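Take a look at the structure set out below.
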Amino acid sequence: MRRTPPVLRGARRIAELPPYLFAEVDRRIAEKRAQGHDVISLGIGDPDLPTPEFIVRALQRAAEDPPNHRYPDYYGLRELRVAIAEWYAQRFRVALDADAEVLPLIGSKEGIAHMPTAWVDPGDVVLVPDPGYPVYSIGTLLANGEVYWLPLREERGWLPDLRAIPREVAERARLLWLNYPNNPTAAVAPLEFFREVVDFAWQHGILVCHDNAYSEVAYDGYRAPSFLEVEGAREIGVEFHSLSKTYNMTGWRIGMAVGNRTAIEALGRVKTNVDSGVFQAVQYAAIAALRGDQRWLEERNAHYQRRRDQVLAALRRAGIEAPTPCASLYVWARVPQGYTSVDFMLRLLEETAVVVTPGVGFGPAGEGYFRISLTTPDDRLTEALARLERVQFG
Ligand SMILES: *Cc1c(COP(=O)(O)O)cnc(C)c1O
């Protein structure tokens, strides 16, 4: 007898996630490659430069020590939490209690995705910037929260207009995501803006989650602040940070959440129930990274800055003016007149086999812009830019 298998389906919260916008774009890139073209992607924000030697050595040593092969402590090595607190004190003059205000993460994406599970009940509102890192909204949807988009606009320096949030939305909001230096717009936020955010969050009882992944990737002497530097921030805020972009360690999976102890405890409770912490050898490597001489970062940032200037000059020669970013790994530019961001991306792919990221992929308010990442190896970047310059848009 032949039996028909039952029809299975995944959870509604998965089926209802927004469709992946780039499926068609990815297909076109694959097609171009299949035709034998040498496609160069300037789309991916993942440092091509290696993790510094001294950090790799620390991992090697720790990996050879059997106690590190076992389950790590849920809340991380105390020595790591202390190293994170010391780094915050030194870098931002923010004092943190290593036992209650610091939580190591398996990369900050993990913590960002889990935060709504710890903080948001079904139907609660989460305020999410548009354009923005997709995990803020996806994590909200996975927790059955409701996303309220905060459009970021060029004329406001890509800072959300908190006064434009309707009162009833603000009253229902439980969490606000922010990210400066920003991905994808490369905008930075002045401390005055963070002060405004603190007032708003105090007024409405909202937890502010600031994603500071790019604070150490800065140019022309710019020093990005921590949200926690502002008075009153720790009472309503946490900051997510990561070793990924700071130390060229995206593959290692280690980051941290710091700040408000109630929020840190709630996130920690979710994590103790779903994961078992960061490989201890990676934690020792992170301690070495945070405690090591930080001067190499200047040289690394100078390297990105040379690429940034090279990208801006090439765009200018192609007839595209873009603002000069003072932080992050991105150049964010307006697409030429007459194109949507996807049309523009497809034309570049067609004529030059170079891939840029269409702004609309980061949210509807990203339409009209595109992003170029500074993490392509020098020779490939040079080749890609030489091809771009041959196209005229101006
Ligand atoms: C890269 C990035 C992160 C860092 O992710 P990890 O999981 O720590 O590697 C976080 N937020 C934004 C906006 C990013 O671009």
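Ligands are numbered from 1 in the order shown, residues from 1 within each chain, and chains are lettered A, B, ... in the order they appear in the structure tokens.
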Return as a PyMOL selection string the residues of protein, DNA or RNA that approach ligand 1 to within 9 Å, with only C-alpha atoms and all ligand atoms taken into account. chain A and resi 45-46+105-112+132-135+179-184+211-214+240-245+249-256+328-329
Selection: 9 Å around segment 348-351 of chain A, only C-alpha atoms, excl. self and same-chain fewer than 5 positions, as a list in words: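 Neighbouring residues, sequence-local ones excluded: Arg28, Ile29, Lys32, Val39, Asp343, Val356, Arg387, Leu388 and Val391 of chain A.
For the choices A:Gly237, A:Ile14, A:Tyr247, A:Met1, the atom-to-atom distance to Ala288 of chain A is smallest for A:Tyr247 when using only C-alpha atoms.
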Point-to-point distance from atom CA of Leu96 of chain A to atom CA of Glu171 of chain A, Å rounded to tenths: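 Computing the Euclidean distance for atom CA of Leu96 of chain A and atom CA of Glu171 of chain A yields 29.4 Å.
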Per DSSP on the backbone, filter segment 58-246 of chain A down to the residues in helix (DSSP H, G or I) and report them as an NGL selection string. :A and (58-63 or 66-69 or 78-92 or 108-119 or 135-142 or 154-156 or 162-164 or 167-172 or 191-204 or 227-229 or 243-246)
Could you tell me which of A:Ser41, A:Gln35, A:Thr4, A:Thr117 comes closest to Ala263 of chain A if we count only C-alpha atoms?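 Closest residue, counting only C-alpha atoms: A:Thr117.
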Which residues are near Ala11 of chain A? Cut-off 12 Å, only C-alpha atoms, ignore same chain within fewer than 4 positions. Put them as a list in words.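 Those residues are Ala15, Glu16, Leu17, Leu142 and Asn144 of chain A.
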Which polymer residues have any atom within 7 Å of an atom of segment 194-209 of chain A, counting only C-alpha atoms, with same-chain residues fewer than 6 positions away left out, as an MDAnalysis selection string? chainID A and resid 170:171 173:178 227 230 232:233 236:239
Atoms kept (N, CA, C and O atoms) for selection, written as a CSV table (one decimal), in the first residue's frame:
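See selection18.csv below for the written result:
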chain,number,residue,atom,x,y,z
A,170,ALA,N,4.5,55.2,21.2
A,170,ALA,CA,5.6,55.3,22.2
A,170,ALA,C,5.1,54.7,23.5
A,170,ALA,O,5.9,54.0,24.2
A,171,GLU,N,3.9,54.8,23.9
A,171,GLU,CA,3.4,54.2,25.1
A,171,GLU,C,3.4,52.7,25.0
A,171,GLU,O,3.5,52.0,26.1
A,173,ALA,N,5.5,51.0,23.2
A,173,ALA,CA,6.9,50.5,22.8
A,173,ALA,C,7.6,50.0,24.0
A,173,ALA,O,7.5,50.6,25.1
A,174,ARG,N,8.4,48.9,23.9
A,174,ARG,CA,9.1,48.3,25.0
A,174,ARG,C,10.6,48.4,24.7
A,174,ARG,O,11.4,48.3,25.6
A,175,LEU,N,11.0,48.6,23.4
A,175,LEU,CA,12.4,48.5,23.1
A,175,LEU,C,12.7,49.4,21.9
A,175,LEU,O,11.8,49.5,21.0
A,176,LEU,N,13.8,50.1,21.9
A,176,LEU,CA,14.2,50.9,20.8
A,176,LEU,C,15.7,50.5,20.3
A,176,LEU,O,16.6,50.5,21.2
A,177,TRP,N,15.8,50.2,19.0
A,177,TRP,CA,17.1,49.9,18.5
A,177,TRP,C,17.8,51.1,17.9
A,177,TRP,O,17.1,51.9,17.2
A,178,LEU,N,19.1,51.3,18.2
A,178,LEU,CA,19.9,52.3,17.5
A,178,LEU,C,21.2,51.7,17.2
A,178,LEU,O,21.7,50.7,17.8
A,227,PHE,N,26.9,54.8,24.0
A,227,PHE,CA,25.6,55.4,24.4
A,227,PHE,C,25.6,55.5,26.0
A,227,PHE,O,25.0,56.4,26.5
A,230,VAL,N,26.2,58.8,28.4
A,230,VAL,CA,25.2,59.8,28.7
A,230,VAL,C,24.6,59.5,30.0
A,230,VAL,O,24.3,58.4,30.4
A,232,GLY,N,22.1,58.9,32.8
A,232,GLY,CA,20.8,58.3,32.8
A,232,GLY,C,20.6,57.2,31.8
A,232,GLY,O,19.6,56.5,31.7
A,233,ALA,N,21.7,56.9,31.0
A,233,ALA,CA,21.6,55.8,30.0
A,233,ALA,C,21.5,54.4,30.6
A,233,ALA,O,20.8,53.6,30.2
A,236,ILE,N,18.2,52.9,31.6
A,236,ILE,CA,17.2,52.5,30.5
A,236,ILE,C,17.9,51.8,29.3
A,236,ILE,O,17.2,51.5,28.3
A,237,GLY,N,19.2,51.6,29.4
A,237,GLY,CA,19.9,51.1,28.2
A,237,GLY,C,20.9,50.1,28.3
A,237,GLY,O,21.5,49.9,29.4
A,238,VAL,N,21.1,49.3,27.2
A,238,VAL,CA,22.2,48.4,27.1
A,238,VAL,C,22.9,48.7,25.8
A,238,VAL,O,22.3,49.3,24.9
A,239,GLU,N,24.1,48.3,25.7
A,239,GLU,CA,24.9,48.5,24.5
A,239,GLU,C,25.4,47.1,24.0
A,239,GLU,O,25.9,46.3,24.8
List as CSV every residue of segment 280-374 of chain A that is in contact with segment 53-66 of chain A, defined as an atom at most 9 Å from one of its atoms (using only C-alpha atoms), together with the nearest atom pair and the distance in Å rounded to one decimal, sorted by chain and then rising number.
residue,atom,partner,partner_atom,distance
A:Gln280,CA,A:Ala62,CA,7.7
A:Ala281,CA,A:Ala62,CA,4.7
A:Val282,CA,A:Leu59,CA,5.9
A:Gln283,CA,A:Leu59,CA,8.4
A:Tyr284,CA,A:Ala62,CA,6.6
A:Ala285,CA,A:Leu59,CA,4.9
A:Ala286,CA,A:Ile55,CA,7.4
A:Ile287,CA,A:Ile55,CA,8.8
A:Ala288,CA,A:Ile55,CA,6.1
A:Ala289,CA,A:Ile55,CA,5.8
A:Gly292,CA,A:Phe54,CA,8.3
Next, write the just-selected residues to a file, as a PDB file, in the first residue's frame, keeping N, CA and C atoms as the atom set.
ATOM      1  N   GLN A 280      35.843  28.359  25.380  1.00  0.00           N
ATOM      2  CA  GLN A 280      36.687  29.077  26.330  1.00  0.00           C
ATOM      3  C   GLN A 280      38.005  29.570  25.724  1.00  0.00           C
ATOM      4  N   ALA A 281      38.526  28.825  24.756  1.00  0.00           N
ATOM      5  CA  ALA A 281      39.773  29.279  24.120  1.00  0.00           C
ATOM      6  C   ALA A 281      39.533  30.602  23.372  1.00  0.00           C
ATOM      7  N   VAL A 282      38.363  30.750  22.800  1.00  0.00           N
ATOM      8  CA  VAL A 282      38.018  32.014  22.132  1.00  0.00           C
ATOM      9  C   VAL A 282      37.882  33.132  23.173  1.00  0.00           C
ATOM     10  N   GLN A 283      37.371  32.779  24.344  1.00  0.00           N
ATOM     11  CA  GLN A 283      37.285  33.793  25.405  1.00  0.00           C
ATOM     12  C   GLN A 283      38.676  34.278  25.814  1.00  0.00           C
ATOM     13  N   TYR A 284      39.635  33.335  25.914  1.00  0.00           N
ATOM     14  CA  TYR A 284      40.999  33.759  26.260  1.00  0.00           C
ATOM     15  C   TYR A 284      41.595  34.634  25.152  1.00  0.00           C
ATOM     16  N   ALA A 285      41.276  34.290  23.910  1.00  0.00           N
ATOM     17  CA  ALA A 285      41.768  35.115  22.797  1.00  0.00           C
ATOM     18  C   ALA A 285      41.154  36.518  22.876  1.00  0.00           C
ATOM     19  N   ALA A 286      39.881  36.583  23.266  1.00  0.00           N
ATOM     20  CA  ALA A 286      39.205  37.879  23.392  1.00  0.00           C
ATOM     21  C   ALA A 286      39.852  38.711  24.501  1.00  0.00           C
ATOM     22  N   ILE A 287      40.224  38.047  25.596  1.00  0.00           N
ATOM     23  CA  ILE A 287      40.909  38.756  26.680  1.00  0.00           C
ATOM     24  C   ILE A 287      42.215  39.342  26.155  1.00  0.00           C
ATOM     25  N   ALA A 288      42.944  38.534  25.383  1.00  0.00           N
ATOM     26  CA  ALA A 288      44.206  39.021  24.804  1.00  0.00           C
ATOM     27  C   ALA A 288      43.941  40.219  23.887  1.00  0.00           C
ATOM     28  N   ALA A 289      42.871  40.143  23.103  1.00  0.00           N
ATOM     29  CA  ALA A 289      42.551  41.236  22.169  1.00  0.00           C
ATOM     30  C   ALA A 289      42.247  42.519  22.935  1.00  0.00           C
ATOM     31  N   GLY A 292      45.363  43.734  24.953  1.00  0.00           N
ATOM     32  CA  GLY A 292      46.597  43.946  24.191  1.00  0.00           C
ATOM     33  C   GLY A 292      46.777  45.403  23.802  1.00  0.00           C
TER      34      GLY A 292
END
Work out how far atom CA of Ala218 of chain A is from atom CA of Pro325 of chain A, in Å to one decimal. 8.6 Å
Hey, which of A:Asp121, A:Glu367, A:Glu389, A:Asp293 ends up closest to Trp87 of chain A? Count only C-alpha atoms.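 Closest to Trp87 of chain A, using only C-alpha atoms: A:Asp293.
For Ala118 of chain A, the set of protein, DNA and RNA residues having any atom at most 7 Å away, when counting only C-alpha atoms and skipping those fewer than 4 positions along the same chain, is His114, Ala266, Leu267 and Val270 of chain A.
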Would you mind telling me which residue in A:Ala313, A:Val120, A:Val331, A:Ile138 lies nearest to Thr375 of chain A when using only C-alpha atoms?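 Looking at the shortest contact to Thr375 of chain A, the residue is A:Val331.
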Mind the document's chain letters and residue numbers, and return as a count of residues only the residues of segment 160-211 of chain A that DSSP labels strand (DSSP E or B). 11
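Summary of the local environment: counting only C-alpha atoms, residues at most 7 Å from Tyr330 of chain A, other than itself and those fewer than 2 positions away along its chain, are Pro184, Ala186, Ser328, Trp332, Arg371, Ile372, Ser373 and Leu374 of chain A.
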Record the distance separating atom CA of Asp48 of chain A and atom CA of Glu24 of chain A, expressed in Å with one decimal.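 For atom CA of Asp48 of chain A relative to atom CA of Glu24 of chain A, the distance reads 26.2 Å.
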